[in-house]
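Colleague: Please find final.cif (mmCIF, C-alpha atoms (C1' of nucleotides)) on the next line:
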data_data
loop_
_atom_site.label_atom_id
_atom_site.label_comp_id
_atom_site.auth_asym_id
_atom_site.auth_seq_id
_atom_site.Cartn_x
_atom_site.Cartn_y
_atom_site.Cartn_z
CA MET B 108 -4.10 46.76 -21.42
CA MET B 109 -6.50 44.25 -20.01
CA PRO B 110 -9.97 44.25 -21.44
CA ALA B 111 -13.07 45.76 -20.02
CA MET B 112 -13.61 43.72 -16.85
CA THR B 113 -17.19 44.88 -16.91
CA LYS B 114 -18.88 41.79 -15.52
CA GLN B 115 -18.36 41.30 -11.84
CA HIS B 116 -15.44 39.04 -11.11
CA SER B 117 -14.31 37.52 -7.89
CA THR B 118 -12.89 39.88 -5.30
CA LYS B 119 -9.52 38.21 -5.68
CA ASP B 120 -9.46 38.79 -9.43
CA ARG B 121 -10.54 42.36 -9.06
CA LEU B 122 -7.65 43.00 -6.69
CA ALA B 123 -5.13 41.33 -8.98
CA TRP B 124 -6.43 43.17 -12.00
CA THR B 125 -6.43 46.57 -10.29
CA ALA B 126 -2.96 45.97 -8.91
CA ALA B 127 -1.69 44.97 -12.35
CA ARG B 128 -3.03 48.16 -13.85
CA LEU B 129 -1.44 50.35 -11.20
CA PHE B 130 1.89 48.53 -11.01
CA GLN B 131 2.24 48.88 -14.77
CA GLU B 132 1.67 52.58 -14.48
CA LYS B 133 3.84 53.48 -11.52
CA GLY B 134 5.94 50.46 -10.64
CA TYR B 135 5.67 48.20 -7.64
CA GLU B 136 7.18 50.63 -5.14
CA GLY B 137 5.30 53.55 -6.61
CA VAL B 138 1.86 52.29 -5.63
CA GLY B 139 0.50 52.14 -2.11
CA LEU B 140 -1.94 49.56 -0.82
CA SER B 141 -4.44 52.28 -0.06
CA GLU B 142 -4.39 53.34 -3.70
CA ILE B 143 -5.00 49.81 -4.90
CA LEU B 144 -7.79 49.28 -2.40
CA SER B 145 -9.58 52.52 -3.11
CA ASN B 146 -9.43 51.80 -6.86
CA ALA B 147 -10.79 48.32 -6.32
CA LYS B 148 -13.30 49.63 -3.75
CA LEU B 149 -12.37 46.99 -1.23
CA PRO B 150 -11.18 47.15 2.38
CA LYS B 151 -7.84 45.97 3.66
CA GLY B 152 -9.36 42.90 5.23
CA SER B 153 -10.20 41.44 1.85
CA LEU B 154 -6.69 41.92 0.58
CA TYR B 155 -5.07 40.11 3.49
CA HIS B 156 -7.69 37.41 3.39
CA HIS B 157 -6.94 36.52 -0.23
CA PHE B 158 -3.22 37.33 -0.23
CA GLN B 159 -1.72 36.34 3.08
CA LYS B 160 1.69 37.87 2.40
CA GLY B 161 0.16 41.15 1.35
CA LYS B 162 1.69 43.32 -1.33
CA SER B 163 4.28 40.85 -2.58
CA ASP B 164 1.69 38.11 -3.08
CA LEU B 165 -0.44 40.61 -4.88
CA ALA B 166 2.45 41.39 -7.21
CA ILE B 167 2.74 37.71 -8.11
CA ALA B 168 -0.95 37.51 -8.91
CA ALA B 169 -0.80 40.72 -10.92
CA ALA B 170 2.19 39.56 -12.94
CA THR B 171 0.54 36.22 -13.67
CA PHE B 172 -2.59 38.03 -14.74
CA ALA B 173 -0.67 40.32 -17.10
CA SER B 174 1.32 37.44 -18.48
CA ARG B 175 -1.80 35.48 -19.43
CA GLU B 176 -3.11 38.53 -21.23
CA MET B 177 0.13 38.97 -23.14
CA LEU B 178 0.16 35.34 -24.22
CA ARG B 179 -3.35 35.81 -25.52
CA ILE B 180 -2.20 38.76 -27.60
CA ILE B 181 0.66 36.72 -29.03
CA ASP B 182 -1.76 33.98 -30.03
CA ASP B 183 -4.19 36.46 -31.53
CA ALA B 184 -1.39 37.83 -33.68
CA PHE B 185 0.12 34.56 -34.83
CA VAL B 186 -2.78 32.13 -35.18
CA PRO B 187 -4.32 33.82 -38.26
CA ALA B 188 -0.90 34.64 -39.75
CA LYS B 189 0.28 33.18 -43.03
CA THR B 190 3.99 33.71 -42.34
CA TYR B 191 6.21 34.52 -39.38
CA GLU B 192 6.80 38.03 -40.76
CA ASP B 193 3.05 38.49 -40.85
CA GLY B 194 2.44 37.38 -37.29
CA MET B 195 5.30 39.34 -35.82
CA THR B 196 4.27 42.54 -37.60
CA THR B 197 0.71 42.13 -36.36
CA LEU B 198 2.03 41.58 -32.85
CA PHE B 199 3.92 44.87 -32.87
CA PHE B 200 0.92 46.73 -34.24
CA LYS B 201 -1.28 45.23 -31.55
CA CYS B 202 1.22 46.30 -28.92
CA ALA B 203 1.31 49.80 -30.37
CA LYS B 204 -2.45 50.01 -30.03
CA LEU B 205 -2.21 48.75 -26.48
CA PHE B 206 0.46 51.34 -25.77
CA ASP B 207 -1.87 54.12 -26.89
CA LEU B 208 -4.74 52.72 -24.85
CA MET B 209 -2.66 52.61 -21.71
CA GLY B 210 -1.84 56.27 -21.73
CA LYS B 211 1.77 56.25 -22.91
CA TRP B 212 3.37 56.17 -19.50
CA ASN B 213 3.37 52.49 -18.86
CA GLY B 214 6.11 50.12 -19.75
CA CYS B 215 5.37 46.78 -21.32
CA PRO B 216 2.58 45.40 -19.14
CA VAL B 217 4.48 42.34 -18.09
CA SER B 218 7.99 43.67 -17.66
CA GLY B 219 6.66 46.83 -16.08
CA ILE B 220 5.56 44.73 -13.16
CA LEU B 221 8.30 42.15 -13.23
CA LEU B 222 11.29 44.45 -13.32
CA SER B 223 10.08 46.71 -10.54
CA GLY B 224 8.66 44.00 -8.32
CA PRO B 225 9.63 42.83 -4.85
CA ARG B 226 13.33 41.99 -4.75
CA ASN B 227 13.05 38.48 -3.42
CA GLY B 228 14.30 35.38 -5.19
CA ALA B 229 10.84 33.95 -5.74
CA PHE B 230 9.74 36.94 -7.72
CA ARG B 231 12.89 36.93 -9.83
CA GLU B 232 12.28 33.30 -10.69
CA LEU B 233 8.74 34.16 -11.70
CA SER B 234 10.09 36.83 -14.04
CA GLU B 235 12.39 34.34 -15.64
CA ALA B 236 9.63 31.78 -16.07
CA ILE B 237 7.21 34.30 -17.55
CA PHE B 238 9.77 35.71 -19.97
CA ASN B 239 10.69 32.20 -21.05
CA ASP B 240 7.05 31.24 -21.55
CA TRP B 241 6.64 34.22 -23.75
CA ILE B 242 9.67 33.45 -25.91
CA THR B 243 8.69 29.79 -26.14
CA ARG B 244 5.21 30.70 -27.25
CA VAL B 245 6.53 32.84 -30.08
CA ALA B 246 9.01 30.12 -31.05
CA THR B 247 6.19 27.57 -31.19
CA HIS B 248 4.21 29.76 -33.55
CA ALA B 249 7.33 30.30 -35.64
CA GLU B 250 7.82 26.56 -36.03
CA LYS B 251 4.19 26.07 -36.97
CA LEU B 252 4.74 28.66 -39.67
CA GLY B 253 7.61 26.67 -41.11
CA LEU B 254 10.79 27.90 -39.47
CA PRO B 255 13.35 25.26 -38.46
CA GLU B 256 13.69 24.76 -34.71
CA PRO B 257 16.98 26.52 -33.88
CA GLU B 258 16.17 29.53 -36.01
CA ALA B 259 12.71 29.76 -34.48
CA GLN B 260 14.19 30.00 -30.99
CA ASP B 261 16.62 32.72 -32.04
CA ARG B 262 14.04 34.78 -33.83
CA ALA B 263 11.67 34.54 -30.89
CA THR B 264 14.38 35.76 -28.53
CA HIS B 265 15.23 38.54 -30.94
CA LEU B 266 11.57 39.54 -31.10
CA PHE B 267 11.35 39.57 -27.34
CA VAL B 268 14.30 41.88 -26.74
CA VAL B 269 13.24 44.24 -29.52
CA LEU B 270 9.75 44.43 -28.08
CA GLN B 271 11.07 45.18 -24.61
CA GLY B 272 13.55 47.79 -25.76
CA GLY B 273 11.13 49.23 -28.28
CA TRP B 274 8.55 49.71 -25.59
CA ASP B 275 11.04 51.65 -23.47
CA LEU B 276 11.92 53.87 -26.40
CA ALA B 277 8.25 54.38 -27.24
CA ARG B 278 7.68 55.47 -23.68
CA ALA B 279 10.53 57.97 -23.73
CA ARG B 280 9.37 59.37 -27.07
CA GLN B 281 5.69 59.18 -26.16
CA SER B 282 4.90 57.61 -29.48
CA SER B 283 3.50 54.23 -30.40
CA ASP B 284 4.99 54.61 -33.88
CA VAL B 285 8.30 53.55 -32.42
CA LEU B 286 6.77 50.13 -31.87
CA ARG B 287 5.30 50.04 -35.36
CA GLU B 288 8.78 50.52 -36.82
CA MET B 289 10.32 47.65 -34.93
CA PRO B 290 9.30 44.87 -37.36
CA LYS B 291 11.76 46.10 -39.94
CA PHE B 292 14.59 45.16 -37.59
CA LEU B 293 13.32 41.62 -37.39
CA ARG B 294 12.94 40.82 -41.06
CA ALA B 295 16.43 39.66 -41.82
CA ALA B 296 17.29 36.24 -40.47
CA PRO B 297 19.86 36.25 -37.66
CA ALA B 298 23.39 34.88 -38.27
CA MET U 393 28.85 50.55 -13.10
CA MET U 394 30.74 53.71 -12.46
CA PRO U 395 34.41 53.37 -11.70
CA ALA U 396 36.12 53.48 -8.38
CA MET U 397 35.43 57.05 -7.20
CA THR U 398 38.35 56.65 -4.82
CA LYS U 399 39.65 60.21 -4.81
CA GLN U 400 37.49 62.64 -2.92
CA HIS U 401 35.05 64.43 -5.17
CA SER U 402 32.79 67.31 -4.44
CA THR U 403 29.92 66.67 -2.08
CA LYS U 404 27.50 67.25 -4.92
CA ASP U 405 29.15 64.65 -7.12
CA ARG U 406 29.28 62.14 -4.31
CA LEU U 407 25.55 62.54 -3.81
CA ALA U 408 24.76 62.17 -7.50
CA TRP U 409 27.03 59.17 -7.82
CA THR U 410 25.62 57.41 -4.75
CA ALA U 411 22.08 58.13 -5.86
CA ALA U 412 22.81 56.76 -9.35
CA ARG U 413 24.17 53.55 -7.88
CA LEU U 414 21.15 53.04 -5.65
CA PHE U 415 18.50 54.08 -8.18
CA GLN U 416 19.95 51.60 -10.65
CA GLU U 417 19.68 48.87 -8.07
CA LYS U 418 16.22 49.49 -6.65
CA GLY U 419 14.52 52.08 -8.81
CA TYR U 420 13.64 55.65 -7.95
CA GLU U 421 10.75 54.86 -5.63
CA GLY U 422 12.58 51.98 -4.06
CA VAL U 423 15.28 54.11 -2.45
CA GLY U 424 14.76 56.48 0.45
CA LEU U 425 16.67 59.68 1.03
CA SER U 426 17.98 58.31 4.32
CA GLU U 427 19.53 55.38 2.49
CA ILE U 428 21.23 57.64 -0.02
CA LEU U 429 22.50 59.94 2.70
CA SER U 430 23.84 57.20 4.93
CA ASN U 431 25.65 55.64 1.97
CA ALA U 432 27.14 58.97 1.02
CA LYS U 433 27.81 59.78 4.69
CA LEU U 434 26.24 63.18 4.42
CA PRO U 435 23.43 64.91 6.31
CA LYS U 436 20.17 66.04 4.87
CA GLY U 437 21.24 69.65 4.92
CA SER U 438 23.86 69.04 2.24
CA LEU U 439 21.38 67.38 -0.05
CA TYR U 440 18.91 70.24 0.08
CA HIS U 441 21.66 72.78 -0.25
CA HIS U 442 22.92 71.29 -3.53
CA PHE U 443 19.59 70.06 -4.87
CA GLN U 444 16.86 72.50 -3.95
CA LYS U 445 14.02 70.32 -5.21
CA GLY U 446 15.28 67.33 -3.31
CA LYS U 447 14.87 63.83 -4.60
CA SER U 448 13.67 64.70 -8.10
CA ASP U 449 16.62 67.02 -8.71
CA LEU U 450 18.90 64.33 -7.46
CA ALA U 451 17.39 61.91 -9.97
CA ILE U 452 18.19 64.30 -12.80
CA ALA U 453 21.78 64.62 -11.65
CA ALA U 454 22.09 60.85 -11.22
CA ALA U 455 20.68 60.16 -14.68
CA THR U 456 23.01 62.71 -16.27
CA PHE U 457 25.91 61.14 -14.45
CA ALA U 458 25.01 57.65 -15.64
CA SER U 459 24.44 58.86 -19.16
CA ARG U 460 27.91 60.39 -19.40
CA GLU U 461 29.38 57.12 -18.24
CA MET U 462 27.44 55.16 -20.82
CA LEU U 463 28.52 57.47 -23.64
CA ARG U 464 32.10 56.93 -22.55
CA ILE U 465 31.61 53.17 -22.81
CA ILE U 466 30.18 53.54 -26.30
CA ASP U 467 33.19 55.57 -27.37
CA ASP U 468 35.60 53.12 -25.81
CA ALA U 469 33.98 50.32 -27.79
CA PHE U 470 33.77 52.06 -31.15
CA VAL U 471 36.84 54.29 -31.38
CA PRO U 472 39.34 51.44 -31.73
CA ALA U 473 36.98 49.36 -33.89
CA LYS U 474 37.78 48.47 -37.50
CA THR U 475 34.17 47.83 -38.50
CA TYR U 476 30.71 48.50 -37.12
CA GLU U 477 30.30 44.80 -36.33
CA ASP U 478 33.49 45.00 -34.31
CA GLY U 479 32.48 48.00 -32.29
CA MET U 480 29.01 46.79 -31.58
CA THR U 481 30.22 43.38 -30.43
CA THR U 482 32.75 44.99 -28.14
CA LEU U 483 30.03 47.22 -26.73
CA PHE U 484 27.86 44.26 -25.78
CA PHE U 485 30.80 42.48 -24.19
CA LYS U 486 31.65 45.58 -22.20
CA CYS U 487 28.05 45.82 -21.03
CA ALA U 488 28.11 42.15 -20.04
CA LYS U 489 31.16 42.79 -17.89
CA LEU U 490 29.45 45.79 -16.37
CA PHE U 491 26.38 43.69 -15.68
CA ASP U 492 28.48 41.18 -13.73
CA LEU U 493 30.18 43.94 -11.80
CA MET U 494 26.89 45.48 -10.77
CA GLY U 495 25.59 42.39 -9.07
CA LYS U 496 23.03 41.15 -11.58
CA TRP U 497 20.06 42.92 -10.12
CA ASN U 498 20.38 46.23 -11.82
CA GLY U 499 18.82 47.17 -15.08
CA CYS U 500 20.75 49.07 -17.69
CA PRO U 501 22.35 51.88 -15.70
CA VAL U 502 20.71 54.64 -17.66
CA SER U 503 17.26 53.23 -18.30
CA GLY U 504 17.12 51.80 -14.80
CA ILE U 505 17.02 55.34 -13.51
CA LEU U 506 15.10 56.92 -16.36
CA LEU U 507 12.19 54.55 -16.57
CA SER U 508 11.52 54.49 -12.84
CA GLY U 509 12.12 58.18 -12.22
CA PRO U 510 9.82 60.94 -11.06
CA ARG U 511 6.70 61.05 -13.20
CA ASN U 512 6.89 64.68 -14.20
CA GLY U 513 7.21 65.98 -17.73
CA ALA U 514 10.69 67.38 -17.23
CA PHE U 515 12.08 64.03 -16.34
CA ARG U 516 10.39 62.31 -19.25
CA GLU U 517 11.94 64.84 -21.61
CA LEU U 518 15.32 64.16 -20.08
CA SER U 519 14.84 60.44 -20.78
CA GLU U 520 14.04 61.17 -24.37
CA ALA U 521 17.04 63.43 -24.77
CA ILE U 522 19.42 60.97 -23.17
CA PHE U 523 18.15 58.04 -25.22
CA ASN U 524 18.46 60.09 -28.38
CA ASP U 525 22.00 61.17 -27.50
CA TRP U 526 22.91 57.60 -27.08
CA ILE U 527 21.46 56.48 -30.41
CA THR U 528 23.00 59.45 -32.18
CA ARG U 529 26.38 58.66 -30.74
CA VAL U 530 26.25 55.10 -32.03
CA ALA U 531 25.03 56.34 -35.42
CA THR U 532 27.94 58.77 -35.62
CA HIS U 533 30.41 55.98 -35.00
CA ALA U 534 28.63 53.85 -37.59
CA GLU U 535 29.01 56.56 -40.20
CA LYS U 536 32.68 57.01 -39.36
CA LEU U 537 33.07 53.29 -39.97
CA GLY U 538 31.62 53.62 -43.42
CA LEU U 539 27.90 53.02 -43.17
CA PRO U 540 25.62 55.32 -45.22
CA GLU U 541 23.62 57.80 -43.15
CA PRO U 542 20.09 56.33 -43.18
CA GLU U 543 21.32 52.81 -42.51
CA ALA U 544 23.55 54.07 -39.69
CA GLN U 545 20.56 55.60 -37.94
CA ASP U 546 18.52 52.42 -38.25
CA ARG U 547 21.26 50.17 -37.04
CA ALA U 548 21.93 52.43 -34.07
CA THR U 549 18.25 52.34 -33.11
CA HIS U 550 18.23 48.59 -33.51
CA LEU U 551 21.29 48.29 -31.31
CA PHE U 552 19.68 50.46 -28.68
CA VAL U 553 16.47 48.46 -28.37
CA VAL U 554 18.31 45.14 -28.35
CA LEU U 555 20.62 46.37 -25.63
CA GLN U 556 17.67 47.56 -23.53
CA GLY U 557 15.68 44.39 -23.99
CA GLY U 558 18.73 42.20 -23.68
CA TRP U 559 19.59 43.76 -20.37
CA ASP U 560 16.11 43.01 -19.06
CA LEU U 561 16.38 39.40 -20.15
CA ALA U 562 19.87 39.12 -18.66
CA ARG U 563 18.47 40.37 -15.40
CA ALA U 564 15.63 37.86 -15.37
CA ARG U 565 18.01 35.02 -16.23
CA GLN U 566 20.77 36.29 -13.99
CA SER U 567 23.30 35.79 -16.70
CA SER U 568 25.51 38.20 -18.58
CA ASP U 569 25.82 35.66 -21.40
CA VAL U 570 22.43 36.82 -22.62
CA LEU U 571 24.06 40.14 -23.48
CA ARG U 572 27.01 38.46 -25.15
CA GLU U 573 24.65 36.66 -27.50
CA MET U 574 22.87 39.79 -28.63
CA PRO U 575 25.38 40.82 -31.34
CA LYS U 576 24.28 37.96 -33.55
CA PHE U 577 20.88 39.59 -33.86
CA LEU U 578 22.46 42.76 -35.15
CA ARG U 579 24.66 41.35 -37.89
CA ALA U 580 22.19 41.32 -40.71
CA ALA U 581 21.37 44.71 -42.15
CA PRO U 582 17.78 45.86 -41.53
CA ALA U 583 15.40 45.99 -44.52
"C1'" DA C 71 40.70 90.79 13.57
"C1'" DC C 72 36.54 90.61 11.58
"C1'" DC C 73 32.59 89.21 9.08
"C1'" DC C 74 30.41 86.75 5.59
"C1'" DC C 75 28.60 83.16 3.25
"C1'" DA C 76 28.81 78.62 1.37
"C1'" DC C 77 28.17 74.62 3.39
"C1'" DT C 78 27.40 70.93 7.05
"C1'" DA C 79 24.68 69.02 10.63
"C1'" DG C 80 20.65 66.85 12.27
"C1'" DA C 81 16.28 67.51 15.04
"C1'" DC C 82 11.80 67.73 13.69
"C1'" DC C 83 7.32 67.44 10.98
"C1'" DG C 84 2.90 65.64 8.94
"C1'" DA C 85 1.68 62.21 5.82
"C1'" DG C 86 1.45 57.85 4.11
"C1'" DC C 87 3.38 53.41 4.24
"C1'" DG C 88 2.64 48.03 4.81
"C1'" DG C 89 0.75 45.15 8.06
"C1'" DT C 90 -2.26 43.38 12.18
"C1'" DC C 91 -6.38 42.47 14.46
"C1'" DT C 92 -11.11 42.26 16.00
"C1'" DA C 93 -15.91 42.67 14.90
"C1'" DG C 94 -19.62 42.00 11.88
"C1'" DA C 95 -21.84 40.24 7.63
"C1'" DT C 96 -22.77 36.53 4.48
"C1'" DT C 97 -22.75 32.05 2.77
"C1'" DT C 98 -22.69 27.06 3.37
"C1'" DG C 99 -23.51 22.46 5.37
"C1'" DT C 100 -26.60 19.71 7.99
"C1'" DA K 1392 -32.98 26.67 12.20
"C1'" DC K 1393 -28.47 26.95 13.71
"C1'" DA K 1394 -23.52 26.85 13.75
"C1'" DA K 1395 -19.21 26.83 11.32
"C1'" DA K 1396 -16.59 28.70 7.79
"C1'" DT K 1397 -15.65 32.29 4.76
"C1'" DC K 1398 -15.19 36.82 3.61
"C1'" DT K 1399 -15.82 42.02 4.28
"C1'" DA K 1400 -15.00 46.07 6.94
"C1'" DG K 1401 -12.01 49.43 8.78
"C1'" DA K 1402 -9.74 51.21 13.09
"C1'" DC K 1403 -5.30 51.02 14.56
"C1'" DC K 1404 -0.06 50.43 14.88
"C1'" DG K 1405 4.90 51.50 14.47
"C1'" DC K 1406 7.72 53.10 11.14
"C1'" DT K 1407 9.84 55.46 7.39
"C1'" DC K 1408 9.02 58.61 3.93
"C1'" DG K 1409 10.32 63.32 1.60
"C1'" DG K 1410 10.80 67.81 3.11
"C1'" DT K 1411 11.66 72.04 6.31
"C1'" DC K 1412 14.18 74.73 9.37
"C1'" DT K 1413 17.49 76.50 12.66
"C1'" DA K 1414 22.07 76.26 14.50
"C1'" DG K 1415 26.63 75.72 13.86
"C1'" DT K 1416 31.30 75.70 11.28
"C1'" DG K 1417 35.24 76.85 8.58
"C1'" DG K 1418 37.85 79.13 5.01
"C1'" DG K 1419 38.57 83.60 2.15
"C1'" DG K 1420 38.40 88.56 1.54
"C1'" DT K 1421 39.47 93.01 3.46
#
Please re-express this file's structure in structure tokens.
Modeller:
Amino acid sequence: MMPAMTKQHSTKDRLAWTAARLFQEKGYEGVGLSEILSNAKLPKGSLYHHFQKGKSDLAIAAATFASREMLRIIDDAFVPAKTYEDGMTTLFFKCAKLFDLMGKWNGCPVSGILLSGPRNGAFRELSEAIFNDWITRVATHAEKLGLPEPEAQDRATHLFVVLQGGWDLARARQSSDVLREMPKFLRAAPA
Amino acid sequence: MMPAMTKQHSTKDRLAWTAARLFQEKGYEGVGLSEILSNAKLPKGSLYHHFQKGKSDLAIAAATFASREMLRIIDDAFVPAKTYEDGMTTLFFKCAKLFDLMGKWNGCPVSGILLSGPRNGAFRELSEAIFNDWITRVATHAEKLGLPEPEAQDRATHLFVVLQGGWDLARARQSSDVLREMPKFLRAAPA
DNA sequence: ACCCCACTAGACCGAGCGGTCTAGATTTGT
DNA sequence: ACAAATCTAGACCGCTCGGTCTAGTGGGGT
């Protein structure tokens, strides 16, 4: 996940981006500050200058970063789509490609950070907000493509849970094809 | 998860059970050996006597333990069921109850351990095997309830990913009702 | 009575953790 | 030109981590 980041960005962004990458791979508790800092080629001072509360603040920034990226992917899949089926299938194929790029160990970029993050209330609320944003975004696209409001909400939620669970299964099976087969579960309208 | 464990069990089982409980709550990296041992009221010596490779062996035992429990829940839901819809709805309601019992922070008992576990190949293969067992078990019940073989497999996979993803969403929203609403996504037959 | 061996008990270890703090470098405002 | 503010740099701290190792301890076999 996360595109090249070739051009030099601010120190703060580089930290958030590096942390996102590593948290996705090994989980929040599985990554040490030293690992993040050596990857970002920055000293500890910079970290605690930009993120006063240290690792937990960094996790918030990383999750926000990953969330923005995921929303972009959703838009990229749905904006050119002719139908909801179209957009949703494209989304799963894009995620499959992402899965392969990331090296097959990572969970879904967003939930990989969110569900392993610091166990304080603030972070849990962030998870909820980000997940809801995501579902709402899909629902909005669904409505634009002609689905009635209540059905749009349901299908977006359905898509979300299938994407989450599908990513887990893809990880266990080490195969992005799992994700590519998910759209067939979403074709039939719910209840 | 995991029922009372009131009667005294073997030291080894008590370790595996305690570890399962804690790994589900905080993830593999999030729990220290000292925490497991103090909860189980056992010294380090016992751990390394029963699990020569230490924490990673313990994770395997814990995951196996949790998996057996989950298979039991699947059977309990499907054996008395008249139809697949019946069994699957009961399963989600049982999981919702479990979710409330566990304190709303834990992920799905099995995947909570599996997806945060030690990052070696052996453990990944165990995840795959356990996930497959689970899907196969549901598919077997589906066939017994009259579904044709290929459809049974698909619907079991669909159920699995929705349960995984639904559990994540339930966690973020702190509400077991999320799980209780999942069955409606599974009613329509897949393509 | 004796030993044996599976098991318990916990002190101890080096490494790495997250976090603090002071000193220097660099940029900005005037 | 100079000082204030911002940011980089990294030594240092106490602590906990997973893991090792030696010393008991208790029940079963003979």
Colleague: Mind dumping a table of every chain C residue within 9 Å of segment 1409-1415 of chain K, with the nearest atom pair and its distance in Å to one decimal, using all atoms listed in the file, sorted by chain and rising number, as JSON lines?
Modeller:
{"residue": "C:DT78", "atom": "C1'", "partner": "K:DG1415", "partner_atom": "C1'", "distance": 8.4}
{"residue": "C:DA79", "atom": "C1'", "partner": "K:DG1415", "partner_atom": "C1'", "distance": 7.7}
{"residue": "C:DC82", "atom": "C1'", "partner": "K:DT1411", "partner_atom": "C1'", "distance": 8.5}
{"residue": "C:DC83", "atom": "C1'", "partner": "K:DT1411", "partner_atom": "C1'", "distance": 7.9}
Colleague: I'd like the contact shell of Phe172 of chain B - 8 Å cut-off, only C-alpha atoms (C1' of nucleotides), skipping same-chain residues fewer than 3 positions apart - returned as a list in words.
Modeller: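 Contacts, with the query itself left out: Ala123, Trp124, Ala127, Ala168, Ala169, Arg175 and Glu176 of chain B.
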Colleague: Please enumerate the residues selected by the PyMOL selection byres ((chain U and resi 491-495) around 10) when evaluated against the supplied file, formatted as a list in words.
Modeller: Met393, Met394, Arg413, Gln416, Glu417, Phe485, Lys486, Cys487, Ala488, Lys489, Leu490, Lys496, Trp497, Asn498, Gly499, Cys500, Pro501, Trp559, Ala562, Arg563, Gln566, Ser567, Ser568, Asp569 and Leu571 of chain U
Colleague: Near chain B, which residues of chain U fall within 9 Å when you count all atoms listed in the file, and what do they look like as a PDB file with C-alpha atoms, keeping the file's coordinate frame?
Modeller:
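Final output, selection02.pdb:
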ATOM      1  CA  LYS U 418      16.220  49.490  -6.650  1.00  0.00           C
ATOM      2  CA  GLY U 419      14.520  52.080  -8.810  1.00  0.00           C
ATOM      3  CA  TYR U 420      13.640  55.650  -7.950  1.00  0.00           C
ATOM      4  CA  GLU U 421      10.750  54.860  -5.630  1.00  0.00           C
ATOM      5  CA  GLY U 422      12.580  51.980  -4.060  1.00  0.00           C
ATOM      6  CA  TRP U 497      20.060  42.920 -10.120  1.00  0.00           C
ATOM      7  CA  GLY U 499      18.820  47.170 -15.080  1.00  0.00           C
ATOM      8  CA  SER U 503      17.260  53.230 -18.300  1.00  0.00           C
ATOM      9  CA  LEU U 506      15.100  56.920 -16.360  1.00  0.00           C
ATOM     10  CA  LEU U 507      12.190  54.550 -16.570  1.00  0.00           C
ATOM     11  CA  SER U 508      11.520  54.490 -12.840  1.00  0.00           C
ATOM     12  CA  ARG U 511       6.700  61.050 -13.200  1.00  0.00           C
ATOM     13  CA  ARG U 516      10.390  62.310 -19.250  1.00  0.00           C
ATOM     14  CA  GLU U 517      11.940  64.840 -21.610  1.00  0.00           C
ATOM     15  CA  LEU U 518      15.320  64.160 -20.080  1.00  0.00           C
ATOM     16  CA  SER U 519      14.840  60.440 -20.780  1.00  0.00           C
ATOM     17  CA  GLU U 520      14.040  61.170 -24.370  1.00  0.00           C
ATOM     18  CA  ALA U 521      17.040  63.430 -24.770  1.00  0.00           C
ATOM     19  CA  PHE U 523      18.150  58.040 -25.220  1.00  0.00           C
ATOM     20  CA  ASP U 546      18.520  52.420 -38.250  1.00  0.00           C
ATOM     21  CA  ARG U 547      21.260  50.170 -37.040  1.00  0.00           C
ATOM     22  CA  HIS U 550      18.230  48.590 -33.510  1.00  0.00           C
ATOM     23  CA  PHE U 552      19.680  50.460 -28.680  1.00  0.00           C
ATOM     24  CA  VAL U 553      16.470  48.460 -28.370  1.00  0.00           C
ATOM     25  CA  VAL U 554      18.310  45.140 -28.350  1.00  0.00           C
ATOM     26  CA  LEU U 555      20.620  46.370 -25.630  1.00  0.00           C
ATOM     27  CA  GLN U 556      17.670  47.560 -23.530  1.00  0.00           C
ATOM     28  CA  GLY U 557      15.680  44.390 -23.990  1.00  0.00           C
ATOM     29  CA  GLY U 558      18.730  42.200 -23.680  1.00  0.00           C
ATOM     30  CA  TRP U 559      19.590  43.760 -20.370  1.00  0.00           C
ATOM     31  CA  ASP U 560      16.110  43.010 -19.060  1.00  0.00           C
ATOM     32  CA  LEU U 561      16.380  39.400 -20.150  1.00  0.00           C
ATOM     33  CA  ARG U 563      18.470  40.370 -15.400  1.00  0.00           C
ATOM     34  CA  ALA U 564      15.630  37.860 -15.370  1.00  0.00           C
ATOM     35  CA  ARG U 565      18.010  35.020 -16.230  1.00  0.00           C
ATOM     36  CA  GLN U 566      20.770  36.290 -13.990  1.00  0.00           C
ATOM     37  CA  MET U 574      22.870  39.790 -28.630  1.00  0.00           C
ATOM     38  CA  LYS U 576      24.280  37.960 -33.550  1.00  0.00           C
ATOM     39  CA  PHE U 577      20.880  39.590 -33.860  1.00  0.00           C
ATOM     40  CA  LEU U 578      22.460  42.760 -35.150  1.00  0.00           C
ATOM     41  CA  ARG U 579      24.660  41.350 -37.890  1.00  0.00           C
ATOM     42  CA  ALA U 580      22.190  41.320 -40.710  1.00  0.00           C
ATOM     43  CA  ALA U 581      21.370  44.710 -42.150  1.00  0.00           C
ATOM     44  CA  PRO U 582      17.780  45.860 -41.530  1.00  0.00           C
ATOM     45  CA  ALA U 583      15.400  45.990 -44.520  1.00  0.00           C
TER      46      ALA U 583
END
Colleague: Looking at C:DG99, C:DG88, C:DC73, C:DA93, which one is nearest to DA1396 of chain K, with distances taken over all atoms listed in the file?
Modeller: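 Among C:DG99, C:DG88, C:DC73, C:DA93, it is C:DG99 that comes nearest to DA1396 of chain K.
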Colleague: Check every residue of chain U for an atom within 8 Å of chain K, counting only C-alpha atoms (C1' of nucleotides), and provide those that qualify as a short mmCIF file (atom, residue, chain, number, x, y, z; two decimals) with C-alpha atoms, in the coordinates of the input.
Modeller:
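Output file selection.cif follows:
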data_model
loop_
_atom_site.label_atom_id
_atom_site.label_comp_id
_atom_site.auth_asym_id
_atom_site.auth_seq_id
_atom_site.Cartn_x
_atom_site.Cartn_y
_atom_site.Cartn_z
CA GLY U 424 14.76 56.48 0.45
CA LEU U 425 16.67 59.68 1.03
CA GLY U 446 15.28 67.33 -3.31
CA LYS U 447 14.87 63.83 -4.60
#
